[in-house]
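Trainee: Below is the file run.txt, which contains compact mmCIF, C-alpha atoms and all ligand atoms.
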# COMPACT_ATOMS: atom_id res chain seq x y z
CA MET A 1 -23.38 -37.98 5.19
CA ALA A 2 -22.83 -38.98 1.54
CA GLY A 3 -19.90 -38.80 -0.87
CA ILE A 4 -19.26 -38.67 -4.60
CA TYR A 5 -16.43 -40.63 -6.22
CA VAL A 6 -15.21 -40.16 -9.79
CA HIS A 7 -12.81 -42.62 -11.40
CA ILE A 8 -10.31 -41.29 -13.96
CA PRO A 9 -8.72 -44.43 -15.41
CA PHE A 10 -5.72 -42.97 -17.27
CA CYS A 11 -2.06 -43.30 -16.27
CA LYS A 12 1.33 -42.55 -17.83
CA SER A 13 2.33 -46.21 -17.56
CA LYS A 14 1.33 -49.27 -15.57
CA CYS A 15 3.04 -49.77 -12.19
CA ARG A 16 4.29 -53.33 -11.58
CA TYR A 17 1.95 -53.91 -8.63
CA CYS A 18 -1.17 -52.28 -10.08
CA ASP A 19 -4.41 -54.17 -10.48
CA PHE A 20 -6.65 -51.10 -10.49
CA THR A 21 -8.71 -50.23 -13.54
CA SER A 22 -6.22 -47.98 -15.30
CA PHE A 23 -5.20 -47.67 -18.93
CA PRO A 24 -1.69 -46.39 -19.66
CA ASP A 25 -2.20 -46.20 -23.44
CA LYS A 26 -5.60 -44.52 -23.72
CA LEU A 27 -5.03 -40.94 -22.66
CA CYS A 28 -6.17 -39.86 -26.14
CA PHE A 29 -9.72 -40.76 -25.03
CA ALA A 30 -9.61 -38.49 -21.99
CA GLU A 31 -11.75 -35.72 -23.50
CA SER A 32 -14.52 -38.12 -24.62
CA TYR A 33 -14.31 -39.99 -21.33
CA MET A 34 -14.76 -36.85 -19.26
CA ALA A 35 -17.74 -35.85 -21.43
CA CYS A 36 -19.28 -39.25 -20.64
CA VAL A 37 -18.72 -38.76 -16.91
CA TYR A 38 -20.51 -35.37 -17.04
CA ARG A 39 -23.34 -37.13 -18.93
CA GLU A 40 -23.48 -39.99 -16.42
CA MET A 41 -23.89 -37.42 -13.66
CA ALA A 42 -26.80 -35.85 -15.54
CA LEU A 43 -28.37 -39.33 -15.94
CA ARG A 44 -28.44 -39.80 -12.15
CA GLN A 45 -29.38 -36.25 -11.22
CA LYS A 46 -33.12 -36.83 -10.73
CA GLU A 47 -32.67 -39.97 -8.63
CA LEU A 48 -30.35 -38.13 -6.23
CA GLU A 49 -32.01 -34.76 -5.92
CA SER A 50 -32.93 -35.31 -2.26
CA TYR A 51 -29.26 -35.94 -1.33
CA THR A 52 -26.74 -33.44 -0.03
CA PHE A 53 -23.14 -34.50 -0.60
CA ASP A 54 -20.30 -33.66 1.77
CA THR A 55 -17.37 -34.83 -0.29
CA LEU A 56 -16.16 -35.27 -3.85
CA TYR A 57 -13.17 -37.55 -4.44
CA ILE A 58 -11.47 -37.64 -7.84
CA GLY A 59 -9.41 -40.83 -7.94
CA GLY A 60 -7.95 -43.25 -10.40
CA GLY A 61 -5.84 -44.05 -12.27
CA THR A 62 -4.04 -40.74 -12.26
CA PRO A 63 -6.49 -37.82 -12.41
CA SER A 64 -3.59 -35.34 -12.62
CA VAL A 65 -2.58 -36.79 -16.00
CA VAL A 66 -5.61 -35.31 -17.80
CA ASP A 67 -5.90 -31.66 -18.79
CA GLU A 68 -6.72 -29.53 -15.75
CA SER A 69 -9.62 -27.85 -17.57
CA TYR A 70 -11.44 -31.23 -17.64
CA ILE A 71 -11.07 -31.46 -13.87
CA ALA A 72 -12.48 -27.96 -13.43
CA MET A 73 -15.45 -28.92 -15.67
CA LEU A 74 -15.90 -32.08 -13.60
CA VAL A 75 -16.19 -30.16 -10.34
CA ALA A 76 -18.61 -27.75 -12.04
CA ALA A 77 -20.68 -30.70 -13.36
CA ALA A 78 -20.86 -32.21 -9.86
CA ARG A 79 -22.06 -28.87 -8.47
CA LYS A 80 -24.55 -28.40 -11.30
CA ASN A 81 -26.15 -31.84 -10.99
CA PHE A 82 -26.00 -32.42 -7.24
CA LYS A 83 -26.26 -30.54 -3.99
CA LEU A 84 -22.60 -30.47 -3.03
CA LYS A 85 -22.10 -28.58 0.24
CA GLU A 86 -20.44 -25.19 0.00
CA ASP A 87 -17.65 -26.41 2.32
CA ALA A 88 -17.43 -29.88 0.77
CA GLU A 89 -14.09 -31.68 0.96
CA ILE A 90 -12.94 -32.01 -2.66
CA THR A 91 -9.92 -34.27 -3.17
CA ILE A 92 -7.86 -35.09 -6.23
CA GLU A 93 -5.26 -37.85 -6.49
CA ILE A 94 -1.95 -36.71 -7.92
CA ASN A 95 1.08 -38.52 -9.26
CA PRO A 96 4.17 -36.38 -8.51
CA GLY A 97 5.47 -36.71 -12.06
CA THR A 98 2.36 -35.22 -13.64
CA ILE A 99 1.87 -31.93 -11.81
CA SER A 100 2.65 -28.29 -12.60
CA ALA A 101 2.05 -24.88 -11.05
CA GLY A 102 -0.66 -24.24 -13.66
CA LYS A 103 -2.52 -27.41 -12.71
CA VAL A 104 -2.40 -26.66 -8.98
CA GLU A 105 -3.67 -23.14 -9.65
CA MET A 106 -6.60 -24.42 -11.72
CA TYR A 107 -7.42 -27.10 -9.12
CA SER A 108 -7.51 -24.49 -6.35
CA LYS A 109 -9.61 -22.11 -8.41
CA CYS A 110 -12.25 -24.74 -9.14
CA GLY A 111 -12.63 -25.60 -5.45
CA ILE A 112 -10.33 -28.56 -4.88
CA ASN A 113 -9.16 -28.29 -1.28
CA ARG A 114 -7.42 -31.61 -0.64
CA TYR A 115 -4.72 -33.47 -2.56
CA SER A 116 -3.58 -37.06 -2.30
CA VAL A 117 -0.06 -37.62 -3.57
CA GLY A 118 1.29 -41.06 -4.49
CA LEU A 119 4.74 -40.82 -2.93
CA GLN A 120 5.02 -44.55 -1.99
CA SER A 121 8.74 -44.43 -1.16
CA ALA A 122 11.49 -41.86 -0.71
CA ILE A 123 14.02 -44.33 -2.13
CA ASP A 124 14.40 -43.94 -5.91
CA GLY A 125 15.49 -47.57 -6.38
CA GLN A 126 12.28 -48.76 -4.72
CA LEU A 127 10.19 -46.44 -6.89
CA ARG A 128 11.84 -47.96 -9.97
CA GLU A 129 11.19 -51.50 -8.67
CA LEU A 130 7.51 -50.57 -8.29
CA GLY A 131 7.42 -49.19 -11.82
CA ARG A 132 6.51 -45.72 -10.58
CA THR A 133 7.31 -42.98 -13.06
CA HIS A 134 8.38 -40.36 -10.50
CA THR A 135 11.47 -39.78 -8.37
CA LEU A 136 11.93 -38.42 -4.85
CA ASN A 137 12.93 -35.06 -6.34
CA GLN A 138 9.68 -34.89 -8.29
CA PHE A 139 7.76 -35.54 -5.07
CA ILE A 140 9.63 -32.67 -3.42
CA THR A 141 8.81 -30.35 -6.34
CA CYS A 142 5.16 -31.43 -6.12
CA ALA A 143 5.05 -30.89 -2.34
CA LYS A 144 6.52 -27.40 -2.82
CA LEU A 145 3.74 -26.60 -5.32
CA LEU A 146 1.23 -27.73 -2.68
CA LYS A 147 2.86 -25.69 0.09
CA GLY A 148 0.27 -24.56 2.64
CA LYS A 149 -2.41 -26.82 1.17
CA ASN A 150 -4.01 -29.88 2.74
CA PHE A 151 -2.35 -32.93 1.25
CA ASN A 152 -1.97 -36.63 1.91
CA ALA A 153 1.08 -38.70 1.00
CA ASP A 154 0.74 -42.43 0.29
CA VAL A 155 3.49 -44.55 1.80
CA MET A 156 3.88 -48.20 0.86
CA ILE A 157 5.40 -50.90 3.06
CA GLY A 158 6.38 -54.48 2.24
CA LEU A 159 8.69 -53.55 -0.66
CA LYS A 160 11.65 -55.58 -1.84
CA ASP A 161 14.71 -54.97 0.40
CA GLN A 162 12.84 -52.28 2.34
CA THR A 163 14.22 -51.55 5.80
CA ALA A 164 12.58 -49.84 8.76
CA ASP A 165 14.89 -46.86 8.10
CA ASP A 166 13.53 -46.62 4.53
CA VAL A 167 9.97 -46.47 5.87
CA LYS A 168 10.93 -43.86 8.46
CA LYS A 169 12.77 -41.79 5.87
CA THR A 170 9.72 -41.82 3.58
CA ILE A 171 7.47 -40.69 6.42
CA GLU A 172 9.94 -38.01 7.48
CA VAL A 173 10.22 -36.61 3.95
CA ALA A 174 6.42 -36.48 3.61
CA ALA A 175 6.08 -34.74 6.98
CA ALA A 176 8.98 -32.33 6.37
CA PHE A 177 7.44 -31.18 3.08
CA GLY A 178 4.06 -30.47 4.62
CA ALA A 179 1.82 -33.57 4.40
CA LYS A 180 -1.04 -33.28 6.87
CA HIS A 181 -2.18 -36.84 6.31
CA ILE A 182 -0.26 -40.04 5.59
CA SER A 183 -1.73 -43.31 4.33
CA MET A 184 0.66 -46.14 5.14
CA TYR A 185 -0.47 -49.35 3.55
CA ALA A 186 1.04 -52.71 2.69
CA LEU A 187 1.83 -53.77 -0.86
CA THR A 188 -0.55 -56.56 -1.89
CA PRO A 189 1.04 -58.69 -4.61
CA GLU A 190 -2.00 -59.58 -6.70
CA ASP A 191 -1.90 -62.60 -9.00
CA GLY A 192 -1.56 -61.41 -12.60
CA THR A 193 0.58 -58.36 -11.82
CA PRO A 194 4.32 -58.39 -12.68
CA ILE A 195 5.25 -58.00 -9.01
CA TYR A 196 3.53 -61.30 -8.24
CA SER A 197 6.58 -63.16 -9.58
CA ASP A 198 8.77 -61.33 -7.00
CA TYR A 199 6.38 -62.61 -4.37
CA LEU A 200 6.51 -66.19 -5.70
CA ASN A 201 10.31 -65.99 -5.75
CA GLY A 202 10.29 -65.04 -2.06
CA GLU A 203 11.77 -61.60 -2.80
CA LEU A 204 9.16 -59.64 -0.84
CA PRO A 205 9.04 -59.38 2.97
CA ASP A 206 6.79 -61.96 4.67
CA GLY A 207 3.82 -61.14 6.91
CA ASP A 208 5.89 -60.80 10.11
CA GLU A 209 8.43 -58.56 8.41
CA VAL A 210 5.68 -56.33 7.02
CA ALA A 211 4.09 -56.13 10.48
CA ALA A 212 7.47 -55.06 11.91
CA LEU A 213 7.82 -52.35 9.21
CA TYR A 214 4.31 -51.17 10.04
CA ASP A 215 5.13 -50.96 13.78
CA GLU A 216 8.24 -48.88 13.10
CA GLY A 217 6.32 -46.62 10.72
CA TYR A 218 3.48 -46.26 13.20
CA LYS A 219 5.89 -45.22 15.97
CA ARG A 220 7.54 -42.59 13.77
CA LEU A 221 4.17 -41.24 12.61
CA GLU A 222 3.03 -40.83 16.20
CA GLU A 223 6.27 -39.07 17.15
CA LEU A 224 5.67 -36.64 14.28
CA GLY A 225 2.12 -35.90 15.48
CA PHE A 226 0.13 -38.03 13.03
CA LEU A 227 -2.73 -39.75 14.84
CA ARG A 228 -3.98 -43.09 13.57
CA TYR A 229 -7.70 -43.04 12.89
CA GLU A 230 -7.90 -46.11 10.66
CA VAL A 231 -5.51 -49.02 10.32
CA SER A 232 -3.70 -47.44 7.33
CA ASN A 233 -4.53 -43.77 7.85
CA PHE A 234 -2.86 -41.16 10.01
CA ALA A 235 -3.57 -37.46 10.20
CA LYS A 236 -2.59 -34.30 11.99
CA LYS A 237 -5.42 -33.11 14.24
CA GLY A 238 -8.36 -31.91 12.15
CA PHE A 239 -7.04 -33.36 8.87
CA GLN A 240 -8.81 -36.73 8.74
CA SER A 241 -10.28 -37.52 5.34
CA ARG A 242 -14.03 -36.90 5.50
CA HIS A 243 -14.54 -38.91 2.34
CA ASN A 244 -12.88 -42.04 3.72
CA LEU A 245 -14.51 -41.66 7.14
CA ASN A 246 -17.85 -41.81 5.35
CA TYR A 247 -16.88 -45.20 3.84
CA TRP A 248 -15.77 -46.60 7.17
CA ARG A 249 -18.95 -45.38 8.87
CA ARG A 250 -20.87 -47.10 6.10
CA GLY A 251 -22.28 -43.89 4.74
CA GLU A 252 -23.82 -43.69 1.29
CA TYR A 253 -21.79 -42.87 -1.81
CA ILE A 254 -22.22 -42.57 -5.52
CA GLY A 255 -19.54 -43.41 -8.05
CA PHE A 256 -19.07 -42.25 -11.64
CA GLY A 257 -16.85 -43.56 -14.39
CA VAL A 258 -15.54 -46.93 -15.43
CA ALA A 259 -15.24 -49.45 -12.54
CA ALA A 260 -16.85 -47.05 -10.06
CA SER A 261 -19.39 -48.35 -7.58
CA SER A 262 -22.21 -46.74 -5.63
CA CYS A 263 -24.08 -47.70 -2.49
CA ILE A 264 -27.36 -45.85 -2.03
CA ASN A 265 -30.28 -47.18 0.00
CA ASN A 266 -28.36 -50.42 0.58
CA VAL A 267 -28.19 -51.18 -3.12
CA ARG A 268 -24.66 -51.56 -4.46
CA LEU A 269 -24.19 -50.83 -8.15
CA THR A 270 -20.96 -51.56 -10.00
CA ASN A 271 -20.09 -49.98 -13.32
CA THR A 272 -18.44 -51.88 -16.15
CA PHE A 273 -14.65 -52.24 -16.07
CA ASP A 274 -14.53 -52.09 -19.87
CA LEU A 275 -13.85 -48.65 -21.32
CA ASP A 276 -15.54 -49.30 -24.69
CA GLU A 277 -18.60 -50.70 -22.94
CA TYR A 278 -18.72 -47.63 -20.70
CA PHE A 279 -18.65 -45.30 -23.72
CA LYS A 280 -21.31 -47.34 -25.51
CA CYS A 281 -23.74 -47.32 -22.56
CA ILE A 282 -23.40 -43.67 -21.65
CA LEU A 283 -23.52 -42.43 -25.25
CA SER A 284 -26.74 -44.35 -25.77
CA GLY A 285 -28.22 -42.65 -22.70
CA HIS A 286 -27.98 -45.60 -20.28
CA LEU A 287 -26.04 -46.20 -17.09
CA ALA A 288 -23.05 -48.56 -17.43
CA VAL A 289 -24.01 -50.78 -14.48
CA ILE A 290 -22.98 -54.46 -14.72
CA ASP A 291 -23.92 -55.57 -11.23
CA SER A 292 -26.63 -54.60 -8.78
CA GLU A 293 -26.84 -56.12 -5.32
CA LYS A 294 -29.40 -55.45 -2.59
CA ILE A 295 -27.59 -55.76 0.74
CA ASP A 296 -29.78 -57.54 3.28
CA LYS A 297 -29.78 -56.81 7.03
CA GLU A 298 -27.16 -59.48 7.81
CA GLY A 299 -24.89 -58.10 5.10
CA GLN A 300 -25.36 -54.55 6.41
CA LYS A 301 -24.45 -55.64 9.94
CA GLU A 302 -21.36 -57.50 8.74
CA GLU A 303 -20.16 -54.50 6.73
CA LYS A 304 -20.80 -52.15 9.63
CA ILE A 305 -18.74 -54.27 12.02
CA MET A 306 -15.97 -54.96 9.52
CA LEU A 307 -15.52 -51.30 8.63
CA ALA A 308 -15.89 -49.91 12.17
CA LEU A 309 -13.30 -52.28 13.62
CA ARG A 310 -10.71 -50.98 11.16
CA THR A 311 -11.00 -47.56 12.79
CA ALA A 312 -9.59 -46.15 16.00
CA GLU A 313 -13.07 -44.89 17.01
CA GLY A 314 -14.44 -48.45 16.76
CA LEU A 315 -18.09 -49.47 16.76
CA ASN A 316 -20.71 -47.35 18.54
CA ILE A 317 -22.81 -50.02 20.26
CA ASP A 318 -25.91 -47.88 20.91
CA GLU A 319 -25.96 -46.71 17.30
CA PHE A 320 -25.63 -50.30 16.10
CA ASN A 321 -28.55 -51.43 18.30
CA ALA A 322 -30.68 -48.48 17.16
CA GLU A 323 -29.96 -49.21 13.50
CA PHE A 324 -30.40 -52.97 13.54
CA GLY A 325 -32.44 -53.75 16.66
CA GLY A 326 -31.31 -56.45 19.09
CA ASP A 327 -28.63 -56.25 21.74
CA PHE A 328 -25.11 -56.23 20.29
CA LEU A 329 -23.37 -57.30 23.51
CA LYS A 330 -25.67 -60.29 23.85
CA ASP A 331 -25.94 -61.20 20.17
CA TYR A 332 -22.17 -61.10 19.69
CA GLY A 333 -21.34 -62.38 23.19
CA ALA A 334 -19.49 -65.45 21.91
CA ALA A 335 -17.23 -63.38 19.61
CA ILE A 336 -16.57 -60.85 22.37
CA LYS A 337 -15.57 -63.66 24.74
CA LYS A 338 -13.32 -65.29 22.17
CA THR A 339 -11.50 -62.06 21.25
CA CYS A 340 -11.48 -60.42 24.70
CA GLU A 341 -7.67 -60.31 24.78
CA TYR A 342 -7.58 -58.16 21.63
CA ILE A 343 -10.54 -55.83 22.04
CA GLU A 344 -11.80 -53.25 24.51
CA ILE A 345 -15.24 -51.87 25.28
CA PHE A 346 -15.07 -48.34 26.57
CA GLU A 347 -17.64 -45.52 26.70
CA GLY A 348 -20.11 -47.47 24.58
CA ARG A 349 -17.65 -48.36 21.84
CA LEU A 350 -16.07 -51.65 20.92
CA LYS A 351 -12.56 -51.30 19.52
CA ILE A 352 -9.60 -53.44 18.65
CA LYS A 353 -6.73 -52.61 21.01
CA ASP A 354 -4.16 -50.32 19.44
CA ARG A 355 -1.38 -52.87 19.19
CA TYR A 356 -3.57 -55.40 17.37
CA LEU A 357 -5.13 -53.07 14.83
CA PHE A 358 -2.72 -54.09 12.03
CA VAL A 359 -3.82 -57.73 12.35
CA GLN A 360 -7.47 -56.84 12.67
CA ASN A 361 -8.72 -59.34 10.06
CA SER A 362 -8.31 -62.43 12.24
CA ILE A 363 -10.24 -60.66 15.04
CA ILE A 364 -13.01 -59.27 12.84
CA VAL A 365 -13.70 -62.69 11.37
CA GLU A 366 -14.96 -63.90 14.77
CA PHE A 367 -17.69 -61.22 14.70
CA LEU A 368 -18.76 -62.21 11.23
CA ARG A 369 -19.55 -65.66 12.56
CA GLY A 370 -21.81 -63.98 15.14
S1 LIG A 401 -0.39 -44.71 -10.89
FE1 LIG A 401 -1.82 -45.90 -9.61
S2 LIG A 401 -3.50 -46.51 -10.96
FE2 LIG A 401 -1.79 -45.83 -12.27
S3 LIG A 401 -0.70 -47.68 -12.80
FE3 LIG A 401 0.31 -46.85 -10.98
S4 LIG A 401 -0.74 -47.81 -9.23
FE4 LIG A 401 -2.00 -48.15 -11.06
Show this structure as structure tokens.

Mentor:
Amino acid sequence: MAGIYVHIPFCKSKCRYCDFTSFPDKLCFAESYMACVYREMALRQKELESYTFDTLYIGGGTPSVVDESYIAMLVAAARKNFKLKEDAEITIEINPGTISAGKVEMYSKCGINRYSVGLQSAIDGQLRELGRTHTLNQFITCAKLLKGKNFNADVMIGLKDQTADDVKKTIEVAAAFGAKHISMYALTPEDGTPIYSDYLNGELPDGDEVAALYDEGYKRLEELGFLRYEVSNFAKKGFQSRHNLNYWRRGEYIGFGVAASSCINNVRLTNTFDLDEYFKCILSGHLAVIDSEKIDKEGQKEEKIMLALRTAEGLNIDEFNAEFGGDFLKDYGAAIKKTCEYIEIFEGRLKIKDRYLFVQNSIIVEFLRG
């Protein structure tokens, strides 16, 4: 299985917590940027002609901020340059304040069959604190436009003054308006973002409080029929994200656009984060890669374990042994012994027990030491 990712780095404004590669003041370059992305695809066409791709994910930034015709041309360019399966999962990220009936119609027509909506919170005050440009009402309008379609809603926990009831309300609104998938993830106050000062001032919930919010959210999601399949991802039966599952199973992927990365044949390539540099490279007929790393066997094993233990399906031990040789249970015997209270081995899979999944990092680290 292999996936395609395209990064659209434009946004209406910068959210207070955002440290993604996104440019709120450069939308005027959208047309040239998209032309460069189509060109970048053509530059990698030959190298990837033996691949069949199962998914295309258009993320950002805010892809829904650019003209919908560019998105349609993007999907067409992906199909023209690569073998993208007929029934491929094609996702676009949407900000509720930037959507219209016309856009949704064009997206559907060009083959997009999954939407990921940045709701974050159903409390308008919290949206303002985050610097989001939309309101709850705009989310509801957006969800109505997506009625009957497969869409995800992002829900953020760990916000200033956020209560368990706020988290539950956000989940309930997303579910009531038709979300089939909910990503519930914790705010990470990154140094250099405006929200970092709230963190330094002690205005954000601490680790234990965030874990409690997560537990309450998790319970409500389960009651509403959303099954957890990765620490932050919950879906109604049959609506798991194929694109993200490919990442967690350590499948191959190719990324296009500024800041995008690819991992093909265990070589990870990272594109420049600088928009001007990206334009310069692509327009002169070169890729915009700034870093290339060959992942050795040890690195591959570590990634495989780290990613698999984030998921509810866990690590398939036979598959691991077949891929890397050796005997997992023996080779990682010390880590298994040390973490035995938190993990389970059942039907050939090693998993972190349900109730410890949110604090998986401290458990995974034991396996990285062998
Ligand atoms: S919409 Fe997303 S990418 Fe854009 S500024 Fe906000 S968090 Fe960053």

Trainee: Between CA of Phe29 (chain A) and CA of Pro63 (chain A), measure the distance and give it in Å to one decimal.

Mentor: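 So the two atoms, CA of Phe29 (chain A) and CA of Pro63 (chain A), lie 13.4 Å apart.
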
Trainee: Around ligand LIG 401 (chain A), which protein and nucleic acid residues have at least one atom no more than 9 Å from it, if we count only C-alpha atoms and all ligand atoms? List them as a list in words.

Mentor: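 Sorted by chain and then by number, the residues are Pro9, Phe10, Cys11, Lys12, Ser13, Lys14, Cys15, Arg16, Tyr17, Cys18, Asp19, Phe20, Thr21, Ser22, Phe23, Pro24, Gly59, Gly60, Gly61, Thr62, Ile94, Asn95, Gly118, Leu130, Gly131, Arg132 and Thr133 of chain A.
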
Trainee: Report, in Å to a single decimal, how far apart CA of Phe273 (chain A) and CA of Val6 (chain A) are.

Mentor: 13.6 Å

Trainee: Using all atoms listed in the file, can you list as a PyMOL selection string the residues within 12 Å of (11.5, -51.6, 3.7)?

Mentor: chain A and resi 120-123+125-127+155-171+186-187+203-206+209-217

Trainee: With 12 Å as the cut-off and only C-alpha atoms counted, what is the closest atom pair between each nearby residue of region 27-57 of chain A and region 107-112 of chain A? Distances in Å to one decimal, ordered by chain and number, as JSON lines.

Mentor:
{"residue": "A:Thr55", "atom": "CA", "partner": "A:Ile112", "partner_atom": "CA", "distance": 10.5}
{"residue": "A:Leu56", "atom": "CA", "partner": "A:Ile112", "partner_atom": "CA", "distance": 8.9}
{"residue": "A:Tyr57", "atom": "CA", "partner": "A:Ile112", "partner_atom": "CA", "distance": 9.4}

Trainee: Reconstruct region 23-46 of chain A at the level of N, CA and C atoms, and format the result as an mmCIF file, in the frame of the given file.

Mentor:
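This went into selection_29.cif:
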data_model
loop_
_atom_site.group_PDB
_atom_site.id
_atom_site.type_symbol
_atom_site.label_atom_id
_atom_site.label_comp_id
_atom_site.auth_asym_id
_atom_site.auth_seq_id
_atom_site.Cartn_x
_atom_site.Cartn_y
_atom_site.Cartn_z
ATOM 1 N N PHE A 23 -5.633 -47.401 -17.552
ATOM 2 C CA PHE A 23 -5.200 -47.670 -18.930
ATOM 3 C C PHE A 23 -4.053 -46.720 -19.289
ATOM 4 N N PRO A 24 -2.836 -47.257 -19.397
ATOM 5 C CA PRO A 24 -1.690 -46.390 -19.660
ATOM 6 C C PRO A 24 -1.640 -45.883 -21.114
ATOM 7 N N ASP A 25 -2.364 -46.542 -22.026
ATOM 8 C CA ASP A 25 -2.200 -46.200 -23.440
ATOM 9 C C ASP A 25 -3.454 -45.537 -24.029
ATOM 10 N N LYS A 26 -4.326 -45.019 -23.171
ATOM 11 C CA LYS A 26 -5.600 -44.520 -23.720
ATOM 12 C C LYS A 26 -5.892 -43.064 -23.371
ATOM 13 N N LEU A 27 -4.830 -42.342 -23.061
ATOM 14 C CA LEU A 27 -5.030 -40.940 -22.660
ATOM 15 C C LEU A 27 -5.704 -40.128 -23.770
ATOM 16 N N CYS A 28 -5.549 -40.584 -25.020
ATOM 17 C CA CYS A 28 -6.170 -39.860 -26.140
ATOM 18 C C CYS A 28 -7.698 -39.840 -26.042
ATOM 19 N N PHE A 29 -8.254 -40.740 -25.196
ATOM 20 C CA PHE A 29 -9.720 -40.760 -25.030
ATOM 21 C C PHE A 29 -10.201 -39.895 -23.860
ATOM 22 N N ALA A 30 -9.260 -39.206 -23.230
ATOM 23 C CA ALA A 30 -9.610 -38.490 -21.990
ATOM 24 C C ALA A 30 -10.770 -37.498 -22.192
ATOM 25 N N GLU A 31 -10.717 -36.748 -23.303
ATOM 26 C CA GLU A 31 -11.750 -35.720 -23.500
ATOM 27 C C GLU A 31 -13.136 -36.379 -23.630
ATOM 28 N N SER A 32 -13.225 -37.439 -24.447
ATOM 29 C CA SER A 32 -14.520 -38.120 -24.620
ATOM 30 C C SER A 32 -14.952 -38.766 -23.305
ATOM 31 N N TYR A 33 -13.985 -39.329 -22.593
ATOM 32 C CA TYR A 33 -14.310 -39.990 -21.330
ATOM 33 C C TYR A 33 -14.918 -38.990 -20.333
ATOM 34 N N MET A 34 -14.270 -37.840 -20.218
ATOM 35 C CA MET A 34 -14.760 -36.850 -19.260
ATOM 36 C C MET A 34 -16.169 -36.392 -19.660
ATOM 37 N N ALA A 35 -16.397 -36.249 -20.973
ATOM 38 C CA ALA A 35 -17.740 -35.850 -21.430
ATOM 39 C C ALA A 35 -18.769 -36.902 -21.017
ATOM 40 N N CYS A 36 -18.361 -38.176 -21.059
ATOM 41 C CA CYS A 36 -19.280 -39.250 -20.640
ATOM 42 C C CYS A 36 -19.541 -39.184 -19.136
ATOM 43 N N VAL A 37 -18.519 -38.867 -18.366
ATOM 44 C CA VAL A 37 -18.720 -38.760 -16.910
ATOM 45 C C VAL A 37 -19.714 -37.630 -16.597
ATOM 46 N N TYR A 38 -19.565 -36.477 -17.286
ATOM 47 C CA TYR A 38 -20.510 -35.370 -17.040
ATOM 48 C C TYR A 38 -21.936 -35.863 -17.388
ATOM 49 N N ARG A 39 -22.024 -36.633 -18.475
ATOM 50 C CA ARG A 39 -23.340 -37.130 -18.930
ATOM 51 C C ARG A 39 -23.901 -38.148 -17.924
ATOM 52 N N GLU A 40 -23.031 -38.991 -17.409
ATOM 53 C CA GLU A 40 -23.480 -39.990 -16.420
ATOM 54 C C GLU A 40 -24.040 -39.273 -15.185
ATOM 55 N N MET A 41 -23.389 -38.180 -14.799
ATOM 56 C CA MET A 41 -23.890 -37.420 -13.660
ATOM 57 C C MET A 41 -25.304 -36.910 -13.952
ATOM 58 N N ALA A 42 -25.487 -36.376 -15.169
ATOM 59 C CA ALA A 42 -26.800 -35.850 -15.540
ATOM 60 C C ALA A 42 -27.850 -36.966 -15.513
ATOM 61 N N LEU A 43 -27.421 -38.204 -15.919
ATOM 62 C CA LEU A 43 -28.370 -39.330 -15.940
ATOM 63 C C LEU A 43 -28.857 -39.694 -14.530
ATOM 64 N N ARG A 44 -28.045 -39.418 -13.511
ATOM 65 C CA ARG A 44 -28.440 -39.800 -12.150
ATOM 66 C C ARG A 44 -28.937 -38.625 -11.319
ATOM 67 N N GLN A 45 -29.032 -37.474 -11.954
ATOM 68 C CA GLN A 45 -29.380 -36.250 -11.220
ATOM 69 C C GLN A 45 -30.737 -36.353 -10.526
ATOM 70 N N LYS A 46 -31.748 -36.779 -11.252
ATOM 71 C CA LYS A 46 -33.120 -36.830 -10.730
ATOM 72 C C LYS A 46 -33.210 -37.750 -9.505
#
